[in-house]
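To start, the structure under review is shown below, and the notes come after it.
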Amino acid sequence: MYSYPNIEKQQTENITSPLSTPHLQIKNLNVYIDEKHILKNINLEIPNNSITSIIGPSGCGKTTLLKTLNRLLDDSKNIQITGSVLVNGEDIYAKNAEVTHIRKKMGLLSQRPFPLPMSIFDNIAYGPRIHGEHNKKILNQIVENQLKNVGLWEEVKDRLHHYASQLSIGQQQRLCLARGLAVNPEIILGDESTSALDPISTQTIENLLVDLKKDYTIILVTHILRQARRVSDYIAFIYNGEILEFGKTEEVLLHPRNEITQQYVKGFIS
Amino acid sequence: MTNNINSRLRKEKIAKVIMQIAGFCIIGSLFLIVGIILYKGVPYLSWDMITETPKGGFYIGKSGGILNAILGSLYLASAATLLAIIIGIPISIYLNLYIKSDSIISRSAKLMFDVLYGIPSIVYGAIAFSIMIWLGIRASLLGGILTITLLTIPIVVRTVDELIKTIPEDLKNVTKSLGATRWESSLILLKYIKTGLFTAMLLAFGRAIGDVAGVLLTTGFSDNIPKYLDEPAATLPLAIFFQLSSPIPEVQGRAYASALILTCIILIIVICTHILTSKNNKQKI
Amino acid sequence: MKLRLLKDFLFNKISSLLLLCSFLAISLIFIILIYKSIPLLEYQNIGSILSQSVWSPLKGNFGFLPFIMGTAWVTIISLCFAVPLCLLTSIYLVEYAPDKLRKIVLPLINTLAALPSVLYGVWGVLFIVPLMGEYIAPLFGIVSSGYSVLSGGIVLAVMIFPIMISIIVEVLHTIPKELKSASLSLGATKWETIVKVNIKKAKPGIIAAIVLAISRALGETIAVLMVCGNIPKVPQSIFDAGYPIPALIANNFGEMMSIPLYDSALMFAALLLLIIILAFNLIARVVLNKLEKNHND
């Protein structure tokens with residue numbers, strides 16, 4: 001029915017030379033919503049195994065950019081997208097691209113935690129089950145590993161079959177992260193993932209993300225400059241739908257080349 | 001893995017087809033209803049049908065029309081709608097703007113109207129009929145109007161309630177902060193939702209004109225055009241119902257034609273409401 | 001200045017009075033129904049009224065079972081048709097249908113809601129009844145006039161389509177987008193997301209919609225009366241005629257005066273109907289209001 005590019009082969013290539021070809025490349029991306037030009041000619045190559053923060057004032061298109069990366073805008077109304085987003089060299093906006101397997105490669109951590117309406121265990125097993133894993137032992141193993149991965153195992157191991165909504169909001173967000181990791185993504189997308197959390201939970205999530213970058217490529221949208229500074233290796237600054245600056249964190253924050261970036265970093269534009 | 005994804009996508013496709021079939025059945029039933037009434041009704045439709053009252057022998061197939069029922073229904077529905085609006089809109093305003101819309105009184109009153117809305121019209125009819133017997137009043141236009149008013153008040157209250165919810169909170173606060181009394185600010189807010197109010201009125205009218213069970217016992221039936229409120233009056237749905245149960249084909253045919261007339265009235269109302277609401281939505285954007 | 005305040009004051013008083021009247025009206029309805037039902041309840045105990053199947057008012061037998069069963073059959077048949085069709089259609093409209101299609105379909109469904117029940121009845125008599133009597137029943141080797149609980153159920157199903165669809169559509173809209181995103185970004189297909197997440201989350205609302213539709217179906221009188229056959233016997237198959245409670249009231253109310261207790265029996269029928277419908281309505285509304293509140297918070 002669909003023609004699939006040979007993913008496995010490309011993966012192995014990537015592993016042998018992780019820095020040469022980025023997982024995620026954005027080329028000439030334009031997004032229009034209701035005829036408004038939301039994203040203007042975005043070109044970006046996200047470095048592998050690192051954290052890239054996308055910063056900018058509210059309404060500049062940060063979240064839109066993030067959603068175009070795993071085609072979550074497909075269902076929105078009056079939307080037009082041109083250009084391409086390459087994941088492992090494969091254009092996800094190509095005509096014959098298959099959405100579900102693209103999305104699987106990208107874990108999403110949204111603004112507020114949204115546990116699925118089921119138990120803690122089922123939340124994490126949901127993804128693997130959908131992708132055809134029904135072996136109980138393996139599922140148990142996956143759930144345990146992922147919960148350990150996000151430091152939640154000790155807290156919830158006695159109540160795996162309780163409703164996920166009973167967890168605290170910080171725990172829920174970690175559960176959502178574990179749920180995303182359970183389908184073995186290559187990229188993690190975070191959409192202001194700590195904005196609903198208290199400072200301690202925020203710190204936990206930040207530390208987790210820093211730990212995870214050795215295995216994943218992480219992109220975070222945030223409007224908190226200090227958070228970008230704390231966790232990210234690279235920063236992309238978006239203003240009015242354009243990328244004005246992209247570079248290593250210290251360079252962008254300490255020696256911005258663009259005037260608007262300078263003002264933003266100093267706190268004039270918020 | 002690839003196989004797995006293919007079969008999952010196939011499942012989705014099949015589901016989509018089934019959903020489309022379901023939707024088609026539902027929309028199809030509408031066209032089937034209107035289509036069959038058109039198909040059966042058009043041959044019997046004549047100018048006499050809508051300009052004359054029943055003449056002698058009408059119910060065994062001789063000449064005449066159902067003007068009595070058309071006018072009876074229009075009188076009844078207009079009067080009931082008017083009354084329901086006069087009573088319903090103040091209640092709605094009171095519940096939302098005079099007392100806090102989340103207070104216990106307001107919430108339980110709204111629940112009550114939701115529940116009243118659910119009471120079948122036959123129950124209203126039966127109770128109204130008992131009261132009328134008790135008071136010694138015979139079946140009449142007035143009885144029908146009052147019964148149908150009771151039936152339509154909940155519709156008005158609920159629709160206006162929904163409308164008031166759509167008023168931006170800022171607008172409510174602006175009028176208040178200018179020192180308007182609640183009454184004055186209500187008038188301004190009513191102006192803001194006036195197309196919606198008209199839609200509510202049409203809705204109520206549609207429900208009022210189509211109801212049978214409520215008028216069956218309370219309004220009676222008469223071959224004359226009602227002149228006074230205490231006379232029994234014919235209504236269109238009842239005329240359809242009675243004529244359809246006749247064994248004479250000619251009379252049955254008139255039932256189809258009457259049904260067609262009622263359908264047209266309802267479709268006109270529906271189209272008007274649709275135009276009004278879509279116009280309204282455009283204005284607000 | 002004083003006049004302004006006076007107007008405000010007057011409006012306040014008048015509208016609270018109107019509200020009070022509505023409260024009184026609903027209590028009056030109950031009082032009358034209960035008061036009128038008492039003679040029957042004194043004559044026969046409630047258990048035997050509800051469980052006996054002989055209805056012959058002339059001999060003083062008031063068994064309500066045929067009517068209760070008639071109502072139950074018709075309602076259940078209508079749900080069998082309406083629930084799957086409405087659920088699938090609503091999901092399609094909310095999740096899949098292109099905007100243009102939705103803009104055409106929703107007004108059409110509103111039109112269906114606006115059609116008076118007598119027109120459904122006419123349609124039932126002209127189309128469904130002959131269809132059942134001449135084509136469907138012979139398929140099963142059954143002789144039937146077509147006036148049956150099946151015909152009633154189908155007509156009723158079409159009548160409750162609009163209310164069910166409009167509420168289910170609303171309920172599906174209250175499901176947070178992020179929840180869908182969460183499932184989609186794990187690589188679930190849209191359909192999997194709908195079945196495993198959306199419907200699960202929307203379950204209370206969907207059940208409320210069904211309950212509300214049931215209460216609408218229970219009270220529907222004229223259309224059902226026209227196609228059901230109205231024989232006071234407990235139906236044995238879907239091709240048998242049935243006699244739902246509202247039809248009983250509508251058919252006999254005018255002529256009941258001369259027979260003792262008949263009046264009381266019909267009022268009891270109305271009371272029974274009212275209590276069932278009120279209970280269903282109340283449950284559904286409370287659930288829906290709660291959902292709406294959670295959504296707005």
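In the structure tokens, the first chain shown is A, the next is B, and so on; residue numbers restart at 1 for each chain, and ligands run from 1 in the order shown.
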
Item to check | Distance query region 91-93 of chain A at most 9 Å, only C-alpha atoms, self and fewer than 5 positions along chain excluded, as a count of residues only | outcome: 12

Item to check | Members of region 139-231 of chain A assigned strand (DSSP E) by DSSP, as a VMD selection string | outcome: chain A and resid 187 to 191 217 to 221

Would you save the residues from that selection as a compact mmCIF listing (two decimals), in the first residue's frame, using C-alpha atoms?
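Output saved as result_1.txt:
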```txt
# COMPACT_ATOMS: atom_id res chain seq x y z
CA ILE A 187 13.76 12.57 18.95
CA ILE A 188 11.99 14.12 21.93
CA LEU A 189 9.89 17.23 21.41
CA GLY A 190 9.08 19.28 24.49
CA ASP A 191 6.45 22.01 24.26
CA THR A 217 17.95 14.31 20.09
CA ILE A 218 15.89 16.75 22.10
CA ILE A 219 14.08 19.89 21.01
CA LEU A 220 12.48 22.10 23.62
CA VAL A 221 10.21 25.05 23.17
```

May I have the residues within 12 Å of Val169 (chain C) as a tab-separated table (two decimals) with all heavy atoms, in the first residue's frame, using only C-alpha atoms and disregarding those fewer than 4 positions away in the same chain?
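After the write, selection-v8.tsv holds the following:
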```tsv
chain	number	residue	atom	x	y	z
C	86	CYS	N	-25.43	6.58	15.24
C	86	CYS	CA	-25.13	7.93	15.72
C	86	CYS	C	-23.70	8.05	16.20
C	86	CYS	O	-23.02	9.04	15.94
C	86	CYS	CB	-26.07	8.31	16.86
C	86	CYS	SG	-27.73	8.58	16.30
C	87	LEU	N	-23.23	7.02	16.89
C	87	LEU	CA	-21.87	7.07	17.41
C	87	LEU	C	-20.88	7.18	16.25
C	87	LEU	O	-20.00	8.05	16.24
C	87	LEU	CB	-21.60	5.81	18.23
C	87	LEU	CG	-20.40	5.84	19.15
C	87	LEU	CD1	-20.49	7.02	20.09
C	87	LEU	CD2	-20.29	4.56	19.93
C	88	LEU	N	-21.05	6.32	15.26
C	88	LEU	CA	-20.14	6.33	14.11
C	88	LEU	C	-20.21	7.66	13.36
C	88	LEU	O	-19.19	8.25	13.01
C	88	LEU	CB	-20.47	5.18	13.16
C	88	LEU	CG	-20.10	3.79	13.69
C	88	LEU	CD1	-20.75	2.71	12.86
C	88	LEU	CD2	-18.59	3.62	13.68
C	89	THR	N	-21.44	8.13	13.15
C	89	THR	CA	-21.58	9.39	12.43
C	89	THR	C	-20.94	10.54	13.20
C	89	THR	O	-20.25	11.38	12.61
C	89	THR	CB	-23.08	9.69	12.19
C	89	THR	OG1	-23.65	8.57	11.54
C	89	THR	CG2	-23.25	10.92	11.33
C	90	SER	N	-21.18	10.57	14.51
C	90	SER	CA	-20.62	11.67	15.30
C	90	SER	C	-19.09	11.65	15.23
C	90	SER	O	-18.45	12.69	15.07
C	90	SER	CB	-21.04	11.57	16.75
C	90	SER	OG	-22.41	11.37	16.85
C	91	ILE	N	-18.51	10.46	15.38
C	91	ILE	CA	-17.06	10.37	15.32
C	91	ILE	C	-16.56	10.85	13.97
C	91	ILE	O	-15.62	11.63	13.87
C	91	ILE	CB	-16.59	8.92	15.57
C	91	ILE	CG1	-16.89	8.51	17.00
C	91	ILE	CG2	-15.10	8.78	15.29
C	91	ILE	CD1	-16.67	7.04	17.26
C	92	TYR	N	-17.26	10.42	12.93
C	92	TYR	CA	-16.85	10.83	11.59
C	92	TYR	C	-16.91	12.34	11.46
C	92	TYR	O	-15.99	12.99	10.97
C	92	TYR	CB	-17.75	10.18	10.54
C	92	TYR	CG	-17.30	10.47	9.14
C	92	TYR	CD1	-16.17	9.84	8.62
C	92	TYR	CD2	-17.97	11.38	8.34
C	92	TYR	CE1	-15.74	10.12	7.34
C	92	TYR	CE2	-17.54	11.67	7.06
C	92	TYR	CZ	-16.43	11.03	6.56
C	92	TYR	OH	-15.98	11.32	5.30
C	93	LEU	N	-18.01	12.92	11.95
C	93	LEU	CA	-18.19	14.37	11.81
C	93	LEU	C	-17.13	15.13	12.58
C	93	LEU	O	-16.61	16.14	12.11
C	93	LEU	CB	-19.58	14.78	12.31
C	93	LEU	CG	-20.74	14.43	11.39
C	93	LEU	CD1	-22.05	14.81	12.02
C	93	LEU	CD2	-20.58	15.13	10.06
C	94	VAL	N	-16.78	14.65	13.78
C	94	VAL	CA	-15.83	15.40	14.60
C	94	VAL	C	-14.40	15.17	14.13
C	94	VAL	O	-13.60	16.10	14.05
C	94	VAL	CB	-15.98	15.00	16.09
C	94	VAL	CG1	-14.90	15.66	16.92
C	94	VAL	CG2	-17.34	15.41	16.59
C	95	GLU	N	-14.06	13.93	13.79
C	95	GLU	CA	-12.65	13.61	13.59
C	95	GLU	C	-12.21	13.54	12.12
C	95	GLU	O	-11.06	13.77	11.82
C	95	GLU	CB	-12.31	12.28	14.26
C	95	GLU	CG	-12.58	12.26	15.76
C	95	GLU	CD	-11.60	13.14	16.51
C	95	GLU	OE1	-10.54	13.46	15.94
C	95	GLU	OE2	-11.89	13.52	17.65
C	102	ARG	N	-19.04	18.93	6.93
C	102	ARG	CA	-19.64	19.16	8.23
C	102	ARG	C	-20.65	20.30	8.16
C	102	ARG	O	-21.71	20.25	8.74
C	102	ARG	CB	-18.53	19.51	9.22
C	102	ARG	CG	-18.89	19.27	10.65
C	102	ARG	CD	-17.70	19.51	11.52
C	102	ARG	NE	-16.46	19.39	10.72
C	102	ARG	CZ	-15.29	19.15	11.23
C	102	ARG	NH1	-15.16	18.99	12.50
C	102	ARG	NH2	-14.22	19.09	10.46
C	106	LEU	N	-24.44	19.07	9.39
C	106	LEU	CA	-25.03	19.48	10.67
C	106	LEU	C	-26.37	20.21	10.50
C	106	LEU	O	-27.33	19.88	11.20
C	106	LEU	CB	-24.04	20.30	11.48
C	106	LEU	CG	-22.92	19.44	12.10
C	106	LEU	CD1	-21.90	20.31	12.81
C	106	LEU	CD2	-23.46	18.40	13.06
C	109	ILE	N	-29.02	17.65	9.87
C	109	ILE	CA	-29.43	16.94	11.08
C	109	ILE	C	-30.37	17.82	11.91
C	109	ILE	O	-31.34	17.34	12.49
C	109	ILE	CB	-28.20	16.47	11.87
C	109	ILE	CG1	-27.55	15.33	11.08
C	109	ILE	CG2	-28.58	15.99	13.26
C	109	ILE	CD1	-26.24	14.88	11.60
C	161	PHE	N	-32.18	10.31	16.27
C	161	PHE	CA	-30.86	10.59	15.68
C	161	PHE	C	-30.35	11.99	16.06
C	161	PHE	O	-29.22	12.12	16.55
C	161	PHE	CB	-30.93	10.53	14.14
C	161	PHE	CG	-30.95	9.13	13.56
C	161	PHE	CD1	-31.35	8.92	12.25
C	161	PHE	CD2	-30.54	8.04	14.32
C	161	PHE	CE1	-31.37	7.64	11.70
C	161	PHE	CE2	-30.57	6.77	13.78
C	161	PHE	CZ	-30.98	6.57	12.48
C	162	PRO	N	-31.15	13.04	15.80
C	162	PRO	CA	-30.59	14.39	15.98
C	162	PRO	C	-30.11	14.66	17.40
C	162	PRO	O	-28.99	15.13	17.59
C	162	PRO	CB	-31.76	15.31	15.63
C	162	PRO	CG	-32.70	14.49	14.85
C	162	PRO	CD	-32.53	13.09	15.33
C	163	ILE	N	-30.93	14.32	18.39
C	163	ILE	CA	-30.54	14.66	19.77
C	163	ILE	C	-29.28	13.88	20.14
C	163	ILE	O	-28.34	14.42	20.74
C	163	ILE	CB	-31.69	14.39	20.77
C	163	ILE	CG1	-31.26	14.85	22.15
C	163	ILE	CG2	-32.11	12.97	20.83
C	163	ILE	CD1	-32.36	14.80	23.18
C	164	MET	N	-29.23	12.62	19.73
C	164	MET	CA	-28.06	11.82	20.08
C	164	MET	C	-26.81	12.36	19.42
C	164	MET	O	-25.78	12.55	20.06
C	164	MET	CB	-28.31	10.38	19.64
C	164	MET	CG	-28.00	9.38	20.71
C	164	MET	SD	-28.04	7.74	20.03
C	164	MET	CE	-29.24	6.98	21.02
C	165	ILE	N	-26.92	12.63	18.13
C	165	ILE	CA	-25.73	13.12	17.42
C	165	ILE	C	-25.28	14.45	17.99
C	165	ILE	O	-24.09	14.64	18.27
C	165	ILE	CB	-26.01	13.25	15.91
C	165	ILE	CG1	-26.19	11.87	15.31
C	165	ILE	CG2	-24.88	13.99	15.20
C	165	ILE	CD1	-26.54	11.86	13.85
C	173	HIS	N	-16.20	16.97	21.33
C	173	HIS	CA	-15.45	18.22	21.23
C	173	HIS	C	-14.77	18.60	22.54
C	173	HIS	O	-13.81	19.36	22.54
C	173	HIS	CB	-16.37	19.37	20.80
C	173	HIS	CG	-16.50	19.48	19.32
C	173	HIS	ND1	-15.42	19.60	18.49
C	173	HIS	CD2	-17.58	19.47	18.51
C	173	HIS	CE1	-15.82	19.67	17.24
C	173	HIS	NE2	-17.13	19.57	17.22
C	174	THR	N	-15.30	18.10	23.67
C	174	THR	CA	-14.71	18.50	24.94
C	174	THR	C	-13.42	17.74	25.25
C	174	THR	O	-12.74	18.06	26.21
C	174	THR	CB	-15.67	18.27	26.12
C	174	THR	OG1	-15.94	16.86	26.19
C	174	THR	CG2	-16.96	19.00	25.96
C	175	ILE	N	-13.09	16.75	24.44
C	175	ILE	CA	-11.86	15.99	24.73
C	175	ILE	C	-10.65	16.83	24.35
C	175	ILE	O	-10.57	17.34	23.24
C	175	ILE	CB	-11.87	14.67	23.95
C	175	ILE	CG1	-12.97	13.79	24.51
C	175	ILE	CG2	-10.53	13.97	24.05
C	175	ILE	CD1	-13.21	12.58	23.71
C	198	ASN	N	-10.27	8.48	22.85
C	198	ASN	CA	-11.41	9.39	22.78
C	198	ASN	C	-12.68	8.78	23.37
C	198	ASN	O	-13.32	9.37	24.23
C	198	ASN	CB	-11.70	9.78	21.34
C	198	ASN	CG	-10.62	10.65	20.77
C	198	ASN	OD1	-9.49	10.60	21.24
C	198	ASN	ND2	-10.94	11.43	19.78
C	199	ILE	N	-13.03	7.60	22.88
C	199	ILE	CA	-14.29	7.01	23.31
C	199	ILE	C	-14.25	6.68	24.78
C	199	ILE	O	-15.20	6.89	25.52
C	199	ILE	CB	-14.62	5.77	22.46
C	199	ILE	CG1	-14.89	6.22	21.04
C	199	ILE	CG2	-15.82	5.03	23.03
C	199	ILE	CD1	-15.47	5.18	20.16
C	202	ALA	N	-14.72	9.80	26.58
C	202	ALA	CA	-16.04	10.40	26.37
C	202	ALA	C	-17.17	9.52	26.88
C	202	ALA	O	-18.33	9.88	26.76
C	202	ALA	CB	-16.25	10.67	24.88
C	205	GLY	N	-20.19	10.90	28.84
C	205	GLY	CA	-20.99	11.79	28.01
C	205	GLY	C	-21.81	11.02	27.00
C	205	GLY	O	-22.98	11.35	26.75
C	206	ILE	N	-21.21	9.99	26.41
C	206	ILE	CA	-21.94	9.20	25.41
C	206	ILE	C	-23.11	8.50	26.07
C	206	ILE	O	-24.23	8.48	25.54
C	206	ILE	CB	-20.99	8.20	24.73
C	206	ILE	CG1	-19.98	8.95	23.87
C	206	ILE	CG2	-21.77	7.22	23.87
C	206	ILE	CD1	-18.88	8.10	23.33
C	209	ALA	N	-25.83	10.90	26.64
C	209	ALA	CA	-26.54	11.18	25.39
C	209	ALA	C	-27.56	10.09	25.11
C	209	ALA	O	-28.70	10.36	24.72
C	209	ALA	CB	-25.57	11.31	24.23
```

Checklist entry - Using only C-alpha atoms, which residues sit within 8 Å of region 176-193 of chain B once same-chain residues fewer than 3 positions away are excluded, as number ranges by chain? => result B: 93, 97-98, 163-164, 167, 172-173, 196-197; C: 4-5, 7-8, 11

Using only C-alpha atoms, I'd like a table of the residues in chain B that come within 6 Å of chain C; for each, show the closest atom pair and its distance in Å rounded to one decimal, ordered by chain and ascending number, as CSV.
```
residue,atom,partner,partner_atom,distance
B:Glu12,CA,C:Trp191,CA,5.4
B:Met19,CA,C:Leu88,CA,5.0
B:Ala22,CA,C:Leu85,CA,5.0
B:Gly23,CA,C:Thr89,CA,4.8
B:Leu30,CA,C:Leu112,CA,6.0
B:Ile33,CA,C:Trp123,CA,5.8
B:Pro90,CA,C:Ser15,CA,5.4
B:Ile91,CA,C:Ser15,CA,5.4
B:Pro120,CA,C:Gly219,CA,4.7
B:Val123,CA,C:Ala270,CA,5.8
B:Trp183,CA,C:Asp8,CA,4.9
B:Gly210,CA,C:Pro116,CA,4.5
```

Checklist entry - Residues at most 9 Å from region 236-252 of chain B, counting only C-alpha atoms, excluding those fewer than 2 positions away in the same chain, as a PyMOL selection string? => result (chain B and resi 44+58-62+66+68-74+209-213+215-216+221+234+254-259+261-262) or (chain C and resi 116-119+121-122+125+222+226)

Checklist entry - For the atom pair CA of Pro244 (chain C) and CA of Asn230 (chain C), what is the interatomic distance in Å to one decimal place? => result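 Value for the CA of Pro244 (chain C)-CA of Asn230 (chain C) distance: 7.6 Å.
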
Checklist entry - Using only C-alpha atoms, which chain A residues lie at most 10 Å away from chain C, written as a PyMOL selection string? => result chain A and resi 67+70-73+75+77-78+99-118+123+126-131+176+179-185+189

Next on the checklist: I'd like to know which residues of region 76-105 of chain B are helix (DSSP H, G or I) (by DSSP, run on the backbone); could you write them as a ChimeraX atom specification?
Outcome noted: /B:76-98,104-105

Checklist entry - Which distance in Å separates CA of Lys248 (chain A) and CA of Gln203 (chain A), to one decimal? => result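 Those two atoms sit 21.8 Å apart.
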
Item to check | Distance in Å - CA of Val227 (chain C) versus CA of Ile77 (chain C) | outcome: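 According to the coordinates, CA of Val227 (chain C) and CA of Ile77 (chain C) are separated by 13.9 Å.
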
Checklist entry - Using only C-alpha atoms, which residue out of A:Ile46, A:Glu133, A:Cys60, A:Ser119 lies closest to chain B? => result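 Of the candidates, the smallest distance to chain B is held by A:Glu133.
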
Checklist entry - With distances taken over only C-alpha atoms, which of B:Gly65, B:Gly206, B:Gly56, B:Pro154 is nearest to Tyr117 (chain B)? => result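 For Tyr117 (chain B), the nearest of the given residues is B:Pro154.
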
Next on the checklist: I need the residue nearest chain B from this list: A:Leu253, A:Glu155, A:Glu242, A:Gly132. Use only C-alpha atoms for the distance.
Outcome noted: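 Looking at the shortest contact to chain B, the residue is A:Gly132.
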
Next on the checklist: Give me, as a VMD selection string, all polymer residues having an atom no more than 7 Å from Glu245 (chain A), counting only C-alpha atoms and skipping those fewer than 6 positions away in the same chain.
Outcome noted: chain A and resid 236 to 237 258

Next on the checklist: Calculated over only C-alpha atoms, which of the candidates C:Ile154, C:Met132, C:Ile31, C:Ile49 has the smallest distance to Ile127 (chain B)?
Outcome noted: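 Among the listed residues, C:Ile31 lies closest to Ile127 (chain B).
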